[in-house]
$ cat model-v7.cif   # mmCIF, C-alpha atoms
data_structure
#
loop_
_atom_site.label_atom_id
_atom_site.label_comp_id
_atom_site.auth_asym_id
_atom_site.auth_seq_id
_atom_site.Cartn_x
_atom_site.Cartn_y
_atom_site.Cartn_z
CA MET A 1 38.24 109.52 78.10
CA GLY A 2 36.85 109.15 81.64
CA GLY A 3 39.45 108.26 84.23
CA THR A 4 41.88 106.72 81.74
CA THR A 5 45.40 108.11 81.95
CA SER A 6 47.06 108.85 78.59
CA PRO A 7 50.30 107.04 77.64
CA LEU A 8 52.13 110.37 77.68
CA LYS A 9 51.02 111.12 81.23
CA ARG A 10 51.87 107.62 82.46
CA HIS A 11 55.52 108.07 81.37
CA SER A 12 55.87 111.65 82.48
CA SER A 13 56.48 110.76 86.15
CA PRO A 14 59.79 108.83 85.70
CA TYR A 15 61.01 111.52 83.31
CA SER A 16 60.28 114.18 85.93
CA LEU A 17 62.16 112.16 88.56
CA THR A 18 65.21 111.91 86.30
CA THR A 19 65.09 115.62 85.65
CA LYS A 20 65.01 116.32 89.37
CA LEU A 21 67.93 113.92 90.14
CA PHE A 22 70.20 115.03 87.29
CA PRO A 23 71.72 118.03 89.16
CA TYR A 24 72.57 115.77 92.10
CA PHE A 25 74.27 113.34 89.72
CA LEU A 26 76.44 116.14 88.33
CA TYR A 27 77.33 117.29 91.83
CA ALA A 28 78.38 113.76 92.85
CA LEU A 29 80.43 113.41 89.69
CA TYR A 30 82.11 116.73 90.48
CA LEU A 31 83.11 115.40 93.92
CA LEU A 32 84.14 111.86 92.98
CA LEU A 33 85.96 112.37 89.66
CA PRO A 34 89.12 113.91 91.20
CA ILE A 35 89.30 111.06 93.73
CA ALA A 36 88.94 108.45 91.00
CA LEU A 37 91.65 110.09 88.90
CA PHE A 38 94.01 110.23 91.90
CA ARG A 39 93.38 106.55 92.65
CA PHE A 40 94.00 105.53 89.06
CA CYS A 41 97.23 107.52 88.70
CA PHE A 42 98.90 106.54 91.95
CA HIS A 43 97.38 103.11 92.64
CA PRO A 44 96.47 101.54 89.29
CA PHE A 45 94.14 98.59 89.26
CA SER A 46 95.67 95.15 89.09
CA SER A 47 94.55 91.63 88.51
CA PRO A 48 93.70 89.45 91.51
CA THR A 49 97.11 87.82 91.38
CA ASN A 50 98.70 91.23 90.92
CA SER A 51 102.33 90.25 90.70
CA THR A 52 102.60 86.96 88.94
CA HIS A 53 100.87 83.99 87.38
CA SER A 54 100.81 80.58 88.99
CA SER A 55 100.98 78.91 85.58
CA PRO A 56 104.36 77.37 84.78
CA SER A 57 104.25 79.07 81.38
CA ILE A 58 107.33 81.24 81.01
CA GLY A 59 105.82 83.37 78.27
CA LYS A 60 103.41 85.23 80.52
CA VAL A 61 104.17 88.73 81.76
CA VAL A 62 105.13 88.96 85.43
CA GLU A 63 104.33 92.34 86.92
CA PHE A 64 106.52 94.02 89.49
CA CYS A 65 105.78 93.25 93.11
CA SER A 66 107.49 94.09 96.37
CA TYR A 67 107.71 90.84 98.28
CA SER A 68 109.54 92.29 101.29
CA ASN A 69 106.44 93.26 103.30
CA GLY A 70 103.84 90.76 104.39
CA ARG A 71 103.11 88.08 106.96
CA TRP A 72 103.49 84.35 107.46
CA VAL A 73 100.27 82.33 107.16
CA HIS A 74 99.52 78.65 107.70
CA ASP A 75 100.04 76.42 104.68
CA LYS A 76 98.70 72.86 104.75
CA MET A 77 100.71 71.87 101.66
CA GLY A 78 104.10 72.09 103.33
CA PRO A 79 107.47 72.00 101.54
CA LEU A 80 108.34 70.47 98.17
CA TYR A 81 110.94 68.14 99.69
CA ASN A 82 112.01 66.65 103.01
CA GLY A 83 115.18 65.74 104.82
CA SER A 84 115.36 62.25 103.36
CA SER A 85 114.38 63.03 99.77
CA CYS A 86 117.20 65.53 99.17
CA GLY A 87 120.80 64.38 99.20
CA THR A 88 122.47 67.80 99.03
CA ILE A 89 121.42 69.15 102.45
CA LYS A 90 124.32 70.02 104.71
CA GLU A 91 124.02 67.77 107.77
CA ALA A 92 123.94 70.71 110.19
CA GLN A 93 120.77 72.05 108.51
CA ASN A 94 118.95 68.73 108.21
CA CYS A 95 116.75 69.35 111.23
CA ILE A 96 114.28 66.55 110.50
CA SER A 97 116.86 63.78 110.27
CA HIS A 98 118.59 65.19 113.39
CA GLY A 99 115.46 64.58 115.43
CA ARG A 100 113.77 67.96 115.74
CA PRO A 101 110.44 66.93 117.26
CA ASP A 102 108.22 69.84 116.20
CA LEU A 103 107.41 70.01 112.49
CA GLY A 104 105.01 72.95 112.59
CA TYR A 105 107.70 75.27 111.23
CA LEU A 106 107.34 73.50 107.86
CA TYR A 107 103.74 74.60 107.34
CA TRP A 108 103.95 78.33 106.81
CA ARG A 109 104.11 80.37 103.63
CA TRP A 110 104.94 84.01 103.04
CA LYS A 111 101.97 86.15 102.05
CA PRO A 112 103.07 89.54 100.62
CA ARG A 113 100.90 92.47 101.57
CA ARG A 114 99.85 93.56 98.08
CA CYS A 115 100.37 90.57 95.82
CA ARG A 116 100.61 86.80 95.58
CA LEU A 117 103.73 84.64 95.78
CA PRO A 118 103.24 81.33 93.96
CA ARG A 119 104.79 78.06 95.03
CA PHE A 120 108.16 77.31 93.54
CA GLU A 121 107.92 75.79 90.06
CA PRO A 122 110.99 73.58 89.47
CA TYR A 123 110.32 72.99 85.78
CA THR A 124 109.87 76.72 85.15
CA PHE A 125 113.17 77.49 86.85
CA LEU A 126 114.97 74.83 84.83
CA ASP A 127 113.44 76.02 81.57
CA LEU A 128 114.42 79.63 82.23
CA LEU A 129 118.01 78.75 83.13
CA SER A 130 118.59 76.17 80.40
CA ASN A 131 122.17 76.15 79.10
CA LYS A 132 123.25 78.68 81.72
CA HIS A 133 125.54 78.89 84.73
CA ILE A 134 124.17 80.32 87.99
CA ALA A 135 126.65 80.99 90.79
CA PHE A 136 126.06 81.65 94.49
CA VAL A 137 128.86 83.75 95.93
CA GLY A 138 129.35 84.71 99.56
CA ASP A 139 129.34 83.17 103.01
CA SER A 140 127.47 80.22 104.50
CA MET A 141 124.11 81.94 103.90
CA ALA A 142 124.84 81.82 100.17
CA ARG A 143 125.52 78.10 100.57
CA ASN A 144 122.33 77.69 102.62
CA GLN A 145 120.27 79.31 99.84
CA LEU A 146 122.05 77.26 97.18
CA GLU A 147 121.29 73.98 98.95
CA SER A 148 117.64 74.98 99.29
CA LEU A 149 117.49 75.58 95.53
CA LEU A 150 119.18 72.27 94.75
CA CYS A 151 116.66 70.41 96.87
CA MET A 152 113.67 72.04 95.18
CA LEU A 153 115.07 71.42 91.70
CA ALA A 154 115.97 67.84 92.58
CA THR A 155 112.26 67.04 92.95
CA VAL A 156 112.09 66.96 89.13
CA SER A 157 115.72 66.67 87.95
CA GLU A 158 118.64 65.09 89.79
CA PRO A 159 121.87 67.14 89.85
CA SER A 160 125.32 65.60 89.54
CA LEU A 161 128.22 66.92 91.62
CA VAL A 162 130.97 67.54 89.06
CA TYR A 163 133.51 69.59 91.03
CA THR A 164 134.51 70.11 94.65
CA SER A 165 137.43 71.89 96.26
CA GLY A 166 138.51 73.62 99.43
CA GLU A 167 137.98 73.05 103.12
CA ASP A 168 134.48 71.80 103.91
CA ASN A 169 133.80 71.65 100.14
CA ARG A 170 133.46 75.42 99.99
CA PHE A 171 133.75 75.44 96.19
CA ARG A 172 131.38 73.08 94.46
CA THR A 173 129.66 72.72 91.09
CA TRP A 174 126.62 70.67 90.05
CA HIS A 175 125.25 69.90 86.62
CA PHE A 176 121.60 69.35 85.70
CA ALA A 177 121.93 67.23 82.58
CA SER A 178 118.22 67.48 81.76
CA HIS A 179 118.58 71.23 80.98
CA ASN A 180 122.38 71.62 80.78
CA ILE A 181 122.42 73.95 83.78
CA VAL A 182 125.52 74.53 85.89
CA VAL A 183 125.03 75.58 89.52
CA SER A 184 128.06 76.63 91.56
CA VAL A 185 128.91 77.93 95.00
CA TYR A 186 131.95 80.09 95.69
CA TRP A 187 133.10 80.68 99.24
CA SER A 188 133.83 84.41 99.59
CA PRO A 189 132.56 85.74 102.93
CA PHE A 190 133.68 89.33 102.19
CA LEU A 191 133.36 89.43 98.37
CA VAL A 192 136.62 91.37 98.45
CA ARG A 193 140.03 89.80 99.01
CA GLY A 194 140.48 88.65 102.56
CA VAL A 195 142.48 86.46 104.89
CA GLU A 196 140.28 84.65 107.37
CA LYS A 197 141.19 84.24 111.01
CA SER A 198 142.47 80.79 111.95
CA ASP A 199 143.96 78.73 114.75
CA TYR A 200 147.34 79.01 113.05
CA GLY A 201 147.44 82.76 112.42
CA PRO A 202 145.93 86.04 113.63
CA ASN A 203 142.64 85.76 115.55
CA TYR A 204 141.12 88.43 113.34
CA ASN A 205 140.21 88.72 109.66
CA GLU A 206 142.14 90.87 107.20
CA LEU A 207 140.20 92.59 104.41
CA TYR A 208 141.48 94.47 101.37
CA VAL A 209 138.46 96.59 100.52
CA ASP A 210 139.75 97.90 97.17
CA SER A 211 140.54 94.46 95.72
CA VAL A 212 137.85 92.00 94.67
CA ASP A 213 138.16 88.32 95.56
CA GLU A 214 139.38 86.74 92.32
CA ARG A 215 138.40 83.26 93.47
CA TRP A 216 134.97 84.08 92.06
CA ALA A 217 135.59 87.16 89.95
CA ALA A 218 138.06 85.32 87.69
CA ASP A 219 135.19 83.08 86.49
CA LEU A 220 132.79 85.91 85.60
CA ASP A 221 133.19 85.26 81.87
CA TYR A 222 131.48 81.90 82.38
CA ILE A 223 128.69 83.00 84.70
CA ASP A 224 125.24 84.03 83.43
CA MET A 225 123.60 84.77 86.77
CA ILE A 226 125.23 85.53 90.11
CA VAL A 227 123.64 85.61 93.57
CA LEU A 228 125.64 87.53 96.19
CA SER A 229 125.06 87.00 99.91
CA ILE A 230 127.25 88.31 102.75
CA GLY A 231 126.94 89.82 106.19
CA HIS A 232 127.73 87.81 109.30
CA TRP A 233 131.48 87.51 108.74
CA PHE A 234 131.79 91.30 108.93
CA LEU A 235 130.79 91.14 112.60
CA HIS A 236 134.03 89.38 113.54
CA PRO A 237 137.23 91.21 114.58
CA ALA A 238 139.10 92.45 111.52
CA VAL A 239 141.77 94.77 110.20
CA TYR A 240 140.96 96.67 107.00
CA TYR A 241 143.38 97.72 104.27
CA GLN A 242 142.93 100.20 101.45
CA SER A 243 145.52 101.49 98.95
CA GLY A 244 148.21 99.48 100.69
CA SER A 245 147.65 101.08 104.11
CA VAL A 246 145.64 100.22 107.20
CA LEU A 247 142.22 101.82 106.94
CA GLY A 248 141.19 100.86 110.45
CA CYS A 249 139.79 97.90 112.29
CA HIS A 250 136.81 96.43 114.06
CA HIS A 251 136.95 95.11 117.62
CA CYS A 252 140.75 95.23 117.73
CA THR A 253 141.55 96.50 121.21
CA ALA A 254 144.92 94.72 121.27
CA LEU A 255 146.08 96.47 118.10
CA ASN A 256 147.15 100.06 117.60
CA HIS A 257 144.58 100.82 114.90
CA THR A 258 141.61 103.15 114.69
CA GLU A 259 138.27 101.51 115.44
CA VAL A 260 136.02 102.17 112.42
CA GLY A 261 133.30 99.54 112.90
CA PHE A 262 132.08 97.32 110.09
CA TYR A 263 129.21 99.21 108.42
CA GLY A 264 131.42 101.35 106.20
CA VAL A 265 133.56 98.38 105.21
CA THR A 266 130.50 96.30 104.37
CA ARG A 267 129.37 99.11 102.06
CA LYS A 268 132.79 99.27 100.40
CA ALA A 269 132.83 95.51 99.85
CA VAL A 270 129.37 95.40 98.28
CA ARG A 271 130.21 98.40 96.09
CA MET A 272 133.50 96.88 94.95
CA ALA A 273 131.81 93.59 94.03
CA LEU A 274 129.01 95.26 92.06
CA GLU A 275 131.38 97.65 90.28
CA THR A 276 133.66 94.77 89.30
CA ILE A 277 130.76 92.75 87.88
CA ILE A 278 129.39 95.74 85.97
CA GLU A 279 132.73 96.75 84.46
CA ARG A 280 133.76 93.24 83.45
CA LYS A 281 130.39 92.07 82.13
CA GLY A 282 128.90 95.29 80.81
CA GLY A 283 131.75 96.68 78.72
CA ASN A 284 132.45 96.09 75.04
CA ASP A 285 134.12 92.77 75.79
CA GLY A 286 131.55 91.69 78.37
CA ASN A 287 128.82 89.17 77.60
CA GLY A 288 126.25 90.42 80.12
CA ILE A 289 125.02 89.00 83.39
CA ASP A 290 122.08 89.00 85.78
CA VAL A 291 122.90 89.93 89.37
CA LEU A 292 120.92 89.34 92.57
CA LEU A 293 122.00 90.63 95.96
CA THR A 294 120.38 88.80 98.87
CA THR A 295 119.94 91.12 101.85
CA PHE A 296 121.12 90.43 105.38
CA SER A 297 119.56 87.45 107.16
CA PRO A 298 118.95 88.13 110.89
CA SER A 299 119.92 85.65 113.58
CA HIS A 300 117.61 84.84 116.50
CA PHE A 301 119.76 84.14 119.53
CA GLU A 302 117.90 84.71 122.79
CA GLY A 303 120.51 84.68 125.48
CA GLU A 304 123.80 82.81 125.26
CA TRP A 305 124.58 80.85 122.09
CA ASP A 306 125.53 77.69 123.99
CA LYS A 307 122.61 77.65 126.40
CA ALA A 308 119.56 75.43 126.04
CA GLY A 309 116.67 77.34 124.48
CA ALA A 310 118.80 79.88 122.59
CA CYS A 311 116.32 79.73 119.71
CA SER A 312 113.53 77.39 120.73
CA ARG A 313 110.46 79.20 119.37
CA THR A 314 108.10 77.03 117.34
CA LYS A 315 106.12 79.53 115.26
CA PRO A 316 106.69 82.83 113.44
CA TYR A 317 106.43 86.27 114.97
CA ARG A 318 103.47 88.36 114.05
CA ARG A 319 104.37 91.66 112.39
CA VAL A 320 103.46 93.62 115.51
CA GLU A 321 105.73 91.45 117.67
CA LYS A 322 109.02 92.17 115.91
CA ARG A 323 110.38 95.32 114.30
CA LEU A 324 113.30 95.58 111.91
CA GLU A 325 115.82 97.76 113.71
CA GLY A 326 119.41 98.11 114.87
CA MET A 327 122.16 96.19 113.11
CA ASP A 328 119.74 94.10 111.01
CA ALA A 329 118.12 97.25 109.60
CA GLU A 330 121.46 98.97 108.98
CA MET A 331 123.00 96.02 107.12
CA ARG A 332 119.91 95.71 104.94
CA SER A 333 119.91 99.44 104.20
CA ILE A 334 123.55 99.33 103.08
CA GLU A 335 122.81 96.56 100.59
CA VAL A 336 119.63 98.17 99.28
CA GLU A 337 121.32 101.55 98.84
CA GLU A 338 124.35 100.10 97.07
CA MET A 339 122.15 98.13 94.71
CA GLU A 340 120.13 101.25 93.85
CA ALA A 341 123.36 103.14 93.14
CA ALA A 342 124.60 100.28 90.95
CA LYS A 343 121.35 100.35 88.95
CA LEU A 344 122.07 103.97 88.03
CA ASN A 345 125.63 103.04 87.08
CA VAL A 346 124.55 100.18 84.85
CA ARG A 347 122.17 102.18 82.65
CA ARG A 348 125.01 103.07 80.26
CA PHE A 349 125.27 99.41 79.25
CA LYS A 350 121.68 99.30 77.96
CA GLY A 351 120.47 96.04 79.44
CA LYS A 352 123.61 93.92 79.28
CA VAL A 353 123.73 93.80 83.08
CA ARG A 354 120.51 93.41 85.05
CA LEU A 355 120.45 94.00 88.78
CA GLU A 356 117.90 93.27 91.50
CA ILE A 357 117.82 93.18 95.27
CA LEU A 358 116.48 90.01 96.88
CA ASP A 359 115.05 91.67 99.96
CA VAL A 360 114.53 88.87 102.47
CA THR A 361 115.51 90.60 105.73
CA LYS A 362 112.03 91.41 107.01
CA LEU A 363 110.44 88.07 106.18
CA SER A 364 113.41 86.23 107.70
CA LEU A 365 113.28 88.35 110.85
CA LEU A 366 109.79 87.00 111.53
CA ARG A 367 110.94 83.33 111.55
CA PRO A 368 112.73 82.59 114.84
CA ASP A 369 111.37 79.06 114.56
CA GLY A 370 113.24 78.21 111.36
CA HIS A 371 116.78 77.62 112.69
CA PRO A 372 118.42 74.31 113.57
CA GLY A 373 119.15 75.44 117.12
CA PRO A 374 120.55 72.40 118.99
CA TYR A 375 119.57 70.13 116.08
CA MET A 376 122.63 71.21 114.17
CA TYR A 377 123.80 67.92 115.68
CA ALA A 378 121.90 64.65 115.54
CA PHE A 379 119.66 63.93 118.53
CA PRO A 380 121.34 66.38 120.93
CA PHE A 381 119.13 65.35 123.86
CA ALA A 382 119.37 61.59 123.44
CA ASN A 383 121.18 61.38 126.78
CA GLY A 384 119.03 63.98 128.52
CA VAL A 385 118.73 67.76 128.45
CA HIS A 386 121.88 69.61 129.44
CA ASP A 387 122.14 73.25 130.45
CA ARG A 388 124.83 73.91 127.87
CA VAL A 389 124.37 72.91 124.25
CA GLN A 390 125.67 74.45 121.03
CA ASN A 391 122.97 76.20 118.97
CA ASP A 392 122.78 77.41 115.41
CA CYS A 393 120.37 80.33 115.36
CA VAL A 394 121.85 81.82 112.16
CA HIS A 395 121.40 79.28 109.38
CA TRP A 396 118.07 77.81 108.31
CA CYS A 397 116.65 74.32 108.47
CA LEU A 398 116.15 72.58 105.13
CA PRO A 399 113.37 72.51 104.24
CA GLY A 400 112.46 75.76 105.93
CA PRO A 401 111.90 79.52 105.58
CA ILE A 402 114.90 79.96 103.28
CA ASP A 403 112.99 78.13 100.53
CA THR A 404 110.93 81.32 100.27
CA TRP A 405 114.04 83.21 99.15
CA ASN A 406 114.18 81.03 96.06
CA GLN A 407 110.47 81.41 95.44
CA ILE A 408 111.01 85.16 95.22
CA MET A 409 114.15 84.72 93.13
CA LEU A 410 112.16 82.73 90.58
CA GLN A 411 109.66 85.57 90.26
CA VAL A 412 112.51 87.97 89.54
CA ILE A 413 113.89 85.60 86.91
CA LYS A 414 110.46 85.21 85.33
CA ARG A 415 110.22 88.96 85.08
CA TRP A 416 113.64 89.14 83.47
CA ASN A 417 112.73 86.22 81.21
CA VAL A 418 116.38 85.26 80.87
CA HIS A 419 115.80 82.42 78.45
CA SER A 420 115.52 84.90 75.57
CA ARG A 421 118.94 86.50 75.80
CA ARG A 422 122.71 86.15 75.48
CA VAL A 423 125.06 83.59 74.08
CA VAL A 424 127.79 83.07 76.64
CA LYS A 425 131.14 81.37 76.98
CA ARG A 426 131.24 77.92 78.53
CA MET A 427 133.64 77.00 81.30
CA PRO A 428 136.57 75.01 79.89
#
$ encode --input "model-v7.cif" --output "structure tokens"
Amino acid sequence: MGGTTSPLKRHSSPYSLTTKLFPYFLYALYLLLPIALFRFCFHPFSSPTNSTHSSPSIGKVVEFCSYSNGRWVHDKMGPLYNGSSCGTIKEAQNCISHGRPDLGYLYWRWKPRRCRLPRFEPYTFLDLLSNKHIAFVGDSMARNQLESLLCMLATVSEPSLVYTSGEDNRFRTWHFASHNIVVSVYWSPFLVRGVEKSDYGPNYNELYVDSVDERWAADLDYIDMIVLSIGHWFLHPAVYYQSGSVLGCHHCTALNHTEVGFYGVTRKAVRMALETIIERKGGNDGNGIDVLLTTFSPSHFEGEWDKAGACSRTKPYRRVEKRLEGMDAEMRSIEVEEMEAAKLNVRRFKGKVRLEILDVTKLSLLRPDGHPGPYMYAFPFANGVHDRVQNDCVHWCLPGPIDTWNQIMLQVIKRWNVHSRRVVKRMP
């Protein structure tokens, strides 16, 4: 046999090594298994896209994602439309045609922290809302969001204005013939019944917090999806009524009423609107509805509203530069809390009414560069720069950051998959 090693002996060394390492393997497994189980239970694995699919197919499952936390990142693609290609932009928000010189604000996209937000898919939106009526109800922020949506949809299907009424065309309806979709806007800055201040009457608003505004609520039978958006009008001086008596007021030093602020009244108004929708659309005679509540959109005034440079920033804040706090945080919390309470209330109707918060406060807070500022008017500095100039640091340029609100809304709709449900009444 000499110095030849037997086959058995040649293979005995690896076997011995395995035998020696096996106890260490068991010990490592003993340490790591609980960690792995904890990770799987509380943070389940997800696909790389995590929340949604970029394919326009409406049959794919869209997983839940919280889009409220994230950051703004550069986007070379830019918006779907521009100031000249969309004919439904309110002049005061058409920053490009009004001569805003910096266009960098157009090239940012919202990147959620834990998932992906696809670009808006106009055809997908139209397919999902075919033969339906979507209504935007609220103040000028509701109108701002509506006009953003119209512009994005108009890139593939031209809407026709079929109805207009009220001062400044505050009640309007469009029809997308290609998919038989009706899109409406209802002016209702409080959602509840109110009398707005004017030059010909009291210099304060009057709100009836226990009575919904029937200018929109009366049409609920013909609405399939409703987007509510309020906030800024509650900051103005007002007197509040409940059960036929004065409840109190806000900023009413000249009146003999109790100062109660506006937070509690905002909560009552949101609650009244949601309860009305649920009761009318979820009961035995109701035909169901999908409801979105857009959270408070912060303004970005720096200094006096009529001073040059009131909102002249040209790029987004980083997350560490701006915190959500104060009035912005409180208004958002009220809306989030009332929506969560309404979700509990609606369970008894077993899916006839679907509710979701459109939480845009944080992402909007980080965009001080997205407002018209002085370009709410055309070429405000054509005759030189003046110390005093009117600024709009509340509404959003179109195109602009508000387009992201509708990107998120589409993801909610895709998750609901509304095309598969409900036969509804048509408006006469």
$ resolve_selection --input "model-v7.cif" --expression "the PyMOL selection byres ((chain A and resi 214-222) around 9)" --output "PyMOL selection string"
chain A and resi 132-133+135+137+186-188+191-193+211-213+223-224+226+273+276-277+280-281+286-289+424-428
$ residues_near_point --input "model-v7.cif" --point "(105.8, 70.8, 106.8)" --cutoff "10 Å" --atoms "all atoms listed in the file" --output "list of chain:residue names"
A:Asp75, A:Lys76, A:Met77, A:Gly78, A:Pro79, A:Leu80, A:Tyr81, A:Asn82, A:Asp102, A:Leu103, A:Gly104, A:Tyr105, A:Leu106, A:Tyr107, A:Trp108, A:Pro399, A:Gly400
$ atom_distance --input "model-v7.cif" --atom1 "CA of Leu235 (chain A)" --atom2 "CA of Val320 (chain A)"
27.6 Å
$ residues_around --input "model-v7.cif" --residues "region 176-181 of chain A" --least-positions-apart "6" --cutoff "7 Å" --atoms "all atoms listed in the file" --output "list in words"
Leu126, Leu129, Ser130, Asn131, Lys132, His133, Ser157, Glu158, Pro159 and Ser160 of chain A
$ atom_distance --input "model-v7.cif" --atom1 "CA of Lys322 (chain A)" --atom2 "CA of Lys362 (chain A)"
9.4 Å
$ resolve_selection --input "model-v7.cif" --expression "the PyMOL selection byres ((chain A and resi 228) around 8)" --output "list in words"
Phe136, Val137, Gly138, Ala142, Ile226, Val227, Ser229, Ile230, Val291, Leu292, Leu293 and Thr294 of chain A
$ resolve_selection --input "model-v7.cif" --expression "the PyMOL selection byres ((chain A and resi 342) around 12)" --output "VMD selection string"
chain A and resid 270 to 279 291 to 293 335 to 341 343 to 349 353 to 357
$ closest_residue --input "model-v7.cif" --among "A:Ala308, A:Gly303, A:Trp233, A:Cys393" --to "Phe381 (chain A)" --atoms "all atoms listed in the file"
A:Ala308
$ closest_residue --input "model-v7.cif" --among "A:Cys151, A:Ile134, A:Cys249, A:Val73" --to "Pro122 (chain A)" --atoms "only C-alpha atoms"
A:Cys151
$ residues_near_point --input "model-v7.cif" --point "(138.3, 73.3, 92.3)" --cutoff "12 Å" --atoms "only C-alpha atoms" --output "ChimeraX atom specification"
/A:161-167,169-173,184-187,215-216,219
$ closest_residue --input "model-v7.cif" --among "A:Pro298, A:Pro372, A:Gly201, A:Gly283" --to "Ala92 (chain A)" --atoms "all atoms listed in the file"
A:Pro372
$ atom_distance --input "model-v7.cif" --atom1 "CA of Ile96 (chain A)" --atom2 "CA of Pro380 (chain A)"
12.6 Å
$ closest_residue --input "model-v7.cif" --among "A:His74, A:Arg415, A:Arg313, A:Lys90" --to "Glu147 (chain A)" --atoms "only C-alpha atoms"
A:Lys90
$ closest_residue --input "model-v7.cif" --among "A:Gly261, A:Gly231, A:Pro118, A:Gly282" --to "Gly351 (chain A)" --atoms "all atoms listed in the file"
A:Gly282
$ residues_around --input "model-v7.cif" --residues "Gln390 (chain A)" --least-positions-apart "3" --cutoff "8 Å" --atoms "only C-alpha atoms" --output "PyMOL selection string"
chain A and resi 305-308+373-374
$ residues_around --input "model-v7.cif" --residues "Asn144 (chain A)" --least-positions-apart "6" --cutoff "8 Å" --atoms "all atoms listed in the file" --output "list in words"
His395, Trp396 and Ile402 of chain A
$ closest_residue --input "model-v7.cif" --among "A:Asp285, A:Arg100, A:Phe379, A:Asn69" --to "Cys397 (chain A)" --atoms "only C-alpha atoms"
A:Arg100
